[in-house]
Each structure stands twice: as structure tokens, then as C-alpha cells.
Amino acid sequence: MKKPETYLVLNAPEFEGYGTGSGHYDEAAEAKDRKENALHLMIMMVGIIFCLGVTTFLAGKDLIYYVKGTKQTVACNPSNRTVGFQAPDGKTYTVDISWAMTDENTIDIYYMGTDYADAMVMTNVTLWICCYVVFGILFFVVLHFILKNLKPKRHAV
């Protein structure tokens with residue numbers, strides 16, 4: 001954010017009330033600065049809305065795979081980054097499980113129909129909840145400051 005302009009235009013003898021600009025309040029300059037600050041916040045809001053949209057898309061994709069997909073439980077070693085599974089077509093496919101956060105010796109893999117190459121591991125629900133909480137809080141905080149900046153100020157000067 002840029003440094004706010006001075007809204008009180010004063011001359012040298014401002015304390016005695018002399019001069020051409022003594023005590024003059026520049027309302028237009030303040031309104032311009034408030035709109036510029038709100039514009040920066042609106043750009044941040046677009047980024048937050050984009051992140052919420054991507055989070056919703058990815059969570060929805062996981063949900064679709066969970067509800068309509070085929071589940072296969074595969075033995076794995078938690079220290080490995082990938083796991084191979086035997087598909088019904090007889091081929092072996094590899095799935096990245098590095099982000100699955102599992103300590104168990106088995107993991108559930110989901111795929112749609114006969115699309116075995118796009119098999120995936122479900123994302124932990126806690127991650128989705130944390131993403132929604134963080135982006136939701138950011139959304140409402142930035143919205144509050146946007147509305148605060150756009151609200152007209154009342155001055156006694």
C-alpha cells in the first residue's frame with residue numbers, strides 16, 4: 001500500500017489561521033487513497049476466491065472418485081513414494097503416495113471405470129477442512145477491510 005497523502009493543507013502560519021490553505025480538508029484526496037487501498041484488497045480477494053475455487057474443485061474430484069470410483073486396497077511400505085497395483089486388465093500400474101501420510105501397511109487406491117492410469121489416493125479430509133478454514137478466514141478479513149475502506153468517512157473539519 002502506498003503512503004497516504006496529507007489531507008490537511010496548511011501554510012506556514014497555520015496555527016494562527018492565516019494563509020490560503022489553512023485548515024482546508026482535501027476530501028477528494030482521501031477518497032482517492034481509500035479507493036486505491038480497496039483496489040489492492042480486491043486484487044487479494046480475487047486470489048483468495050481463486051484458491052477457494054481450486055480447493056473446491058480438488059475436493060470435489062476426490063469425492064467423485066470416492067463415491068463413484070472403484071476402490072482397491074494395496075499393500076505398501078510407508079517409506080516408499082510409489083506403490084504398484086495389479087489392475088483387472090492384467091497390467092501393473094504405479095501410483096504416487098508420497099503425500100498420502102500413511103503409517104499403515106495398506107493403502108486404498110481409487111480409479112474410475114477402466115482408467116487405471118489415473119488411479120489416485122484420497123487426500124486427508126483434515127487438509128480440506130484446514131484449507132477451507134484458512135481461506136474462509138482470509139476471505140472475511142479482506143472483505144471487512146474492503147468495506148471499511150469504501151465506507152465514506154465523516155470529518156468535523
# chains A, B, ... in the order shown; residues from 1 in each chain; ligands from 1
>>> residues_around(residues="segment 38-50 of chain A", least_positions_apart="5", cutoff="10 Å", atoms="only C-alpha atoms", output="NGL selection string")
:A and (1 or 32-33 or 55-56 or 134-136 or 138-150)
>>> select_by_dssp(residues="segment 14-125 of chain A", states="helix (DSSP H, G or I)", output="ChimeraX atom specification")
/A:14-16,27-68,125
>>> residues_around(residues="segment 121-133 of chain A", least_positions_apart="6", cutoff="7 Å", atoms="only C-alpha atoms", output="ChimeraX atom specification")
/A:59,62,97,100,108-110
>>> residues_around(residues="segment 78-91 of chain A", least_positions_apart="2", cutoff="10 Å", atoms="only C-alpha atoms", output="short mmCIF file (atom, residue, chain, number, x, y, z; two decimals) with C-alpha atoms, in the first residue's frame")
data_model
loop_
_atom_site.label_atom_id
_atom_site.label_comp_id
_atom_site.auth_asym_id
_atom_site.auth_seq_id
_atom_site.Cartn_x
_atom_site.Cartn_y
_atom_site.Cartn_z
CA GLN A 72 -8.61 -51.31 -4.35
CA THR A 73 -6.61 -51.90 -1.18
CA VAL A 74 -2.92 -52.37 -1.90
CA ALA A 75 -0.03 -53.40 0.33
CA CYS A 76 2.60 -50.70 0.67
CA TYR A 93 0.20 -49.50 -12.61
CA THR A 94 2.15 -47.18 -10.31
CA VAL A 95 0.55 -44.56 -8.05
CA ASP A 96 2.35 -41.74 -6.22
CA ILE A 97 1.61 -41.97 -2.48
CA SER A 98 4.28 -39.57 -1.20
CA TRP A 99 1.68 -37.09 0.10
CA ALA A 100 -0.78 -39.71 1.42
CA MET A 101 0.54 -39.52 5.02
CA THR A 102 0.02 -43.14 5.96
CA ASP A 103 1.76 -45.25 8.58
CA GLU A 104 -0.13 -48.41 7.73
CA ASN A 105 0.99 -51.30 5.56
CA THR A 106 -2.01 -50.96 3.25
CA ILE A 107 -3.45 -48.04 1.33
CA ILE A 109 -6.41 -46.56 -4.26
CA THR A 114 -11.13 -48.80 -16.65
CA ASP A 115 -8.97 -45.69 -16.31
CA TYR A 116 -6.31 -47.39 -14.17
CA ALA A 117 -3.51 -44.99 -15.15
CA ALA A 119 -5.66 -44.04 -10.08
#
>>> atom_distance(atom1="atom CA of Tyr66 of chain A", atom2="atom CA of Asp118 of chain A")
13.5 Å
>>> select_by_dssp(residues="segment 9-134 of chain A", states="strand (DSSP E)", output="PDB file with N, CA and C atoms, in the first residue's frame")
ATOM      1  N   VAL A   9      -4.298  20.672   4.249  1.00  0.00           N
ATOM      2  CA  VAL A   9      -3.382  21.541   3.515  1.00  0.00           C
ATOM      3  C   VAL A   9      -3.174  22.807   4.342  1.00  0.00           C
ATOM      4  N   HIS A  24      -7.804  23.656   5.449  1.00  0.00           N
ATOM      5  CA  HIS A  24      -8.590  23.100   4.348  1.00  0.00           C
ATOM      6  C   HIS A  24      -8.428  21.585   4.316  1.00  0.00           C
ATOM      7  N   TYR A  25      -9.517  20.879   4.338  1.00  0.00           N
ATOM      8  CA  TYR A  25      -9.520  19.421   4.311  1.00  0.00           C
ATOM      9  C   TYR A  25      -9.777  18.967   2.873  1.00  0.00           C
ATOM     10  N   THR A  70     -13.802 -47.052  -8.189  1.00  0.00           N
ATOM     11  CA  THR A  70     -13.532 -48.396  -7.694  1.00  0.00           C
ATOM     12  C   THR A  70     -12.377 -48.321  -6.708  1.00  0.00           C
ATOM     13  N   LYS A  71     -12.567 -48.964  -5.555  1.00  0.00           N
ATOM     14  CA  LYS A  71     -11.562 -48.946  -4.503  1.00  0.00           C
ATOM     15  C   LYS A  71     -10.780 -50.251  -4.538  1.00  0.00           C
ATOM     16  N   GLN A  72      -9.468 -50.125  -4.434  1.00  0.00           N
ATOM     17  CA  GLN A  72      -8.613 -51.306  -4.350  1.00  0.00           C
ATOM     18  C   GLN A  72      -7.613 -51.074  -3.230  1.00  0.00           C
ATOM     19  N   THR A  73      -7.558 -51.995  -2.285  1.00  0.00           N
ATOM     20  CA  THR A  73      -6.611 -51.901  -1.183  1.00  0.00           C
ATOM     21  C   THR A  73      -5.319 -52.597  -1.588  1.00  0.00           C
ATOM     22  N   VAL A  74      -4.211 -51.888  -1.436  1.00  0.00           N
ATOM     23  CA  VAL A  74      -2.916 -52.371  -1.904  1.00  0.00           C
ATOM     24  C   VAL A  74      -1.936 -52.359  -0.738  1.00  0.00           C
ATOM     25  N   ALA A  75      -1.082 -53.373  -0.678  1.00  0.00           N
ATOM     26  CA  ALA A  75      -0.028 -53.403   0.333  1.00  0.00           C
ATOM     27  C   ALA A  75       1.054 -52.395  -0.050  1.00  0.00           C
ATOM     28  N   THR A  82       6.044 -44.476  -4.058  1.00  0.00           N
ATOM     29  CA  THR A  82       5.073 -45.009  -5.009  1.00  0.00           C
ATOM     30  C   THR A  82       4.674 -46.414  -4.603  1.00  0.00           C
ATOM     31  N   VAL A  83       3.534 -46.836  -5.129  1.00  0.00           N
ATOM     32  CA  VAL A  83       3.060 -48.190  -4.898  1.00  0.00           C
ATOM     33  C   VAL A  83       2.505 -48.711  -6.222  1.00  0.00           C
ATOM     34  N   GLY A  84       2.749 -49.971  -6.487  1.00  0.00           N
ATOM     35  CA  GLY A  84       2.235 -50.594  -7.702  1.00  0.00           C
ATOM     36  C   GLY A  84       1.027 -51.447  -7.378  1.00  0.00           C
ATOM     37  N   PHE A  85       0.085 -51.500  -8.313  1.00  0.00           N
ATOM     38  CA  PHE A  85      -1.071 -52.367  -8.104  1.00  0.00           C
ATOM     39  C   PHE A  85      -1.415 -53.075  -9.405  1.00  0.00           C
ATOM     40  N   GLN A  86      -1.957 -54.263  -9.255  1.00  0.00           N
ATOM     41  CA  GLN A  86      -2.353 -55.084 -10.389  1.00  0.00           C
ATOM     42  C   GLN A  86      -3.797 -54.749 -10.745  1.00  0.00           C
ATOM     43  N   THR A  92       0.332 -53.833 -14.508  1.00  0.00           N
ATOM     44  CA  THR A  92       0.686 -53.233 -13.229  1.00  0.00           C
ATOM     45  C   THR A  92       0.826 -51.725 -13.421  1.00  0.00           C
ATOM     46  N   TYR A  93       0.166 -50.964 -12.554  1.00  0.00           N
ATOM     47  CA  TYR A  93       0.198 -49.505 -12.615  1.00  0.00           C
ATOM     48  C   TYR A  93       0.837 -48.976 -11.333  1.00  0.00           C
ATOM     49  N   THR A  94       1.465 -47.806 -11.446  1.00  0.00           N
ATOM     50  CA  THR A  94       2.145 -47.181 -10.313  1.00  0.00           C
ATOM     51  C   THR A  94       1.400 -45.909  -9.909  1.00  0.00           C
ATOM     52  N   VAL A  95       1.244 -45.727  -8.591  1.00  0.00           N
ATOM     53  CA  VAL A  95       0.551 -44.560  -8.046  1.00  0.00           C
ATOM     54  C   VAL A  95       1.478 -43.865  -7.060  1.00  0.00           C
ATOM     55  N   ASP A  96       1.543 -42.542  -7.148  1.00  0.00           N
ATOM     56  CA  ASP A  96       2.346 -41.739  -6.223  1.00  0.00           C
ATOM     57  C   ASP A  96       1.603 -41.624  -4.897  1.00  0.00           C
ATOM     58  N   THR A 106      -1.094 -50.914   4.398  1.00  0.00           N
ATOM     59  CA  THR A 106      -2.007 -50.958   3.250  1.00  0.00           C
ATOM     60  C   THR A 106      -2.513 -49.549   2.970  1.00  0.00           C
ATOM     61  N   ILE A 107      -2.915 -49.338   1.733  1.00  0.00           N
ATOM     62  CA  ILE A 107      -3.453 -48.041   1.333  1.00  0.00           C
ATOM     63  C   ILE A 107      -4.554 -48.283   0.311  1.00  0.00           C
ATOM     64  N   ASP A 108      -5.577 -47.414   0.333  1.00  0.00           N
ATOM     65  CA  ASP A 108      -6.693 -47.537  -0.600  1.00  0.00           C
ATOM     66  C   ASP A 108      -6.434 -46.663  -1.818  1.00  0.00           C
ATOM     67  N   ILE A 109      -6.595 -47.257  -2.988  1.00  0.00           N
ATOM     68  CA  ILE A 109      -6.414 -46.556  -4.258  1.00  0.00           C
ATOM     69  C   ILE A 109      -7.766 -46.556  -4.974  1.00  0.00           C
ATOM     70  N   TYR A 110      -8.097 -45.408  -5.588  1.00  0.00           N
ATOM     71  CA  TYR A 110      -9.375 -45.264  -6.281  1.00  0.00           C
ATOM     72  C   TYR A 110      -9.124 -44.957  -7.752  1.00  0.00           C
ATOM     73  N   TYR A 111      -9.944 -45.546  -8.616  1.00  0.00           N
ATOM     74  CA  TYR A 111      -9.899 -45.252 -10.049  1.00  0.00           C
ATOM     75  C   TYR A 111     -11.310 -45.340 -10.610  1.00  0.00           C
ATOM     76  N   MET A 112     -11.506 -44.667 -11.741  1.00  0.00           N
ATOM     77  CA  MET A 112     -12.830 -44.618 -12.378  1.00  0.00           C
ATOM     78  C   MET A 112     -12.868 -45.586 -13.558  1.00  0.00           C
ATOM     79  N   ASP A 115     -10.034 -46.686 -16.217  1.00  0.00           N
ATOM     80  CA  ASP A 115      -8.968 -45.693 -16.314  1.00  0.00           C
ATOM     81  C   ASP A 115      -7.967 -45.912 -15.173  1.00  0.00           C
ATOM     82  N   TYR A 116      -7.216 -46.995 -15.251  1.00  0.00           N
ATOM     83  CA  TYR A 116      -6.311 -47.388 -14.167  1.00  0.00           C
ATOM     84  C   TYR A 116      -5.099 -46.468 -14.059  1.00  0.00           C
ATOM     85  N   ALA A 117      -4.696 -45.861 -15.162  1.00  0.00           N
ATOM     86  CA  ALA A 117      -3.513 -44.994 -15.149  1.00  0.00           C
ATOM     87  C   ALA A 117      -3.740 -43.742 -14.310  1.00  0.00           C
ATOM     88  N   ASP A 118      -4.996 -43.319 -14.143  1.00  0.00           N
ATOM     89  CA  ASP A 118      -5.306 -42.133 -13.342  1.00  0.00           C
ATOM     90  C   ASP A 118      -5.722 -42.483 -11.924  1.00  0.00           C
ATOM     91  N   ALA A 119      -5.331 -43.645 -11.452  1.00  0.00           N
ATOM     92  CA  ALA A 119      -5.659 -44.036 -10.080  1.00  0.00           C
ATOM     93  C   ALA A 119      -5.024 -43.060  -9.110  1.00  0.00           C
ATOM     94  N   MET A 120      -5.699 -42.839  -8.000  1.00  0.00           N
ATOM     95  CA  MET A 120      -5.210 -41.855  -7.034  1.00  0.00           C
ATOM     96  C   MET A 120      -5.515 -42.279  -5.608  1.00  0.00           C
ATOM     97  N   VAL A 121      -4.800 -41.666  -4.681  1.00  0.00           N
ATOM     98  CA  VAL A 121      -5.016 -41.871  -3.261  1.00  0.00           C
ATOM     99  C   VAL A 121      -5.823 -40.682  -2.762  1.00  0.00           C
TER     100      VAL A 121
END
>>> atom_distance(atom1="atom CA of Ile64 of chain A", atom2="atom CA of Ile137 of chain A")
26.6 Å
>>> atom_distance(atom1="atom CA of Asn37 of chain A", atom2="atom CA of Arg154 of chain A")
18.1 Å
>>> decode(residues="segment 80-107 of chain A", atoms="N, CA and C atoms", output="compact mmCIF listing (two decimals), in the first residue's frame")
# COMPACT_ATOMS: atom_id res chain seq x y z
N ASN A 80 8.21 -45.82 1.01
CA ASN A 80 8.26 -45.69 -0.44
C ASN A 80 7.38 -44.53 -0.90
N ARG A 81 7.74 -43.93 -2.01
CA ARG A 81 6.96 -42.81 -2.56
C ARG A 81 5.89 -43.28 -3.53
N THR A 82 6.04 -44.48 -4.06
CA THR A 82 5.07 -45.01 -5.01
C THR A 82 4.67 -46.41 -4.60
N VAL A 83 3.53 -46.84 -5.13
CA VAL A 83 3.06 -48.19 -4.90
C VAL A 83 2.51 -48.71 -6.22
N GLY A 84 2.75 -49.97 -6.49
CA GLY A 84 2.24 -50.59 -7.70
C GLY A 84 1.03 -51.45 -7.38
N PHE A 85 0.08 -51.50 -8.31
CA PHE A 85 -1.07 -52.37 -8.10
C PHE A 85 -1.41 -53.08 -9.41
N GLN A 86 -1.96 -54.26 -9.26
CA GLN A 86 -2.35 -55.08 -10.39
C GLN A 86 -3.80 -54.75 -10.75
N ALA A 87 -4.01 -54.23 -11.95
CA ALA A 87 -5.35 -53.88 -12.40
C ALA A 87 -6.04 -55.12 -12.97
N PRO A 88 -7.36 -55.10 -13.07
CA PRO A 88 -8.09 -56.24 -13.64
C PRO A 88 -7.69 -56.58 -15.08
N ASP A 89 -7.09 -55.65 -15.80
CA ASP A 89 -6.68 -55.94 -17.18
C ASP A 89 -5.34 -56.69 -17.24
N GLY A 90 -4.74 -56.97 -16.07
CA GLY A 90 -3.51 -57.74 -16.01
C GLY A 90 -2.24 -56.91 -15.97
N LYS A 91 -2.34 -55.62 -16.21
CA LYS A 91 -1.16 -54.75 -16.19
C LYS A 91 -0.92 -54.22 -14.78
N THR A 92 0.33 -53.83 -14.51
CA THR A 92 0.69 -53.23 -13.23
C THR A 92 0.83 -51.73 -13.42
N TYR A 93 0.17 -50.96 -12.55
CA TYR A 93 0.20 -49.50 -12.61
C TYR A 93 0.84 -48.98 -11.33
N THR A 94 1.46 -47.81 -11.45
CA THR A 94 2.15 -47.18 -10.31
C THR A 94 1.40 -45.91 -9.91
N VAL A 95 1.24 -45.73 -8.59
CA VAL A 95 0.55 -44.56 -8.05
C VAL A 95 1.48 -43.87 -7.06
N ASP A 96 1.54 -42.54 -7.15
CA ASP A 96 2.35 -41.74 -6.22
C ASP A 96 1.60 -41.62 -4.90
N ILE A 97 2.24 -42.05 -3.81
CA ILE A 97 1.61 -41.97 -2.48
C ILE A 97 2.46 -41.13 -1.52
N SER A 98 3.35 -40.32 -2.05
CA SER A 98 4.28 -39.57 -1.20
C SER A 98 3.55 -38.58 -0.29
N TRP A 99 2.41 -38.08 -0.69
CA TRP A 99 1.68 -37.09 0.10
C TRP A 99 0.51 -37.71 0.86
N ALA A 100 0.38 -39.05 0.83
CA ALA A 100 -0.78 -39.71 1.42
C ALA A 100 -0.74 -39.75 2.95
N MET A 101 0.40 -39.55 3.57
CA MET A 101 0.54 -39.52 5.02
C MET A 101 -0.06 -40.77 5.67
N THR A 102 0.50 -41.91 5.37
CA THR A 102 0.02 -43.14 5.96
C THR A 102 1.15 -43.85 6.70
N ASP A 103 0.80 -44.46 7.82
CA ASP A 103 1.76 -45.25 8.58
C ASP A 103 1.39 -46.73 8.54
N GLU A 104 0.36 -47.04 7.80
CA GLU A 104 -0.13 -48.41 7.73
C GLU A 104 0.60 -49.17 6.62
N ASN A 105 0.38 -50.47 6.58
CA ASN A 105 0.99 -51.30 5.56
C ASN A 105 0.09 -51.49 4.35
N THR A 106 -1.09 -50.91 4.40
CA THR A 106 -2.01 -50.96 3.25
C THR A 106 -2.51 -49.55 2.97
N ILE A 107 -2.91 -49.34 1.73
CA ILE A 107 -3.45 -48.04 1.33
C ILE A 107 -4.55 -48.28 0.31
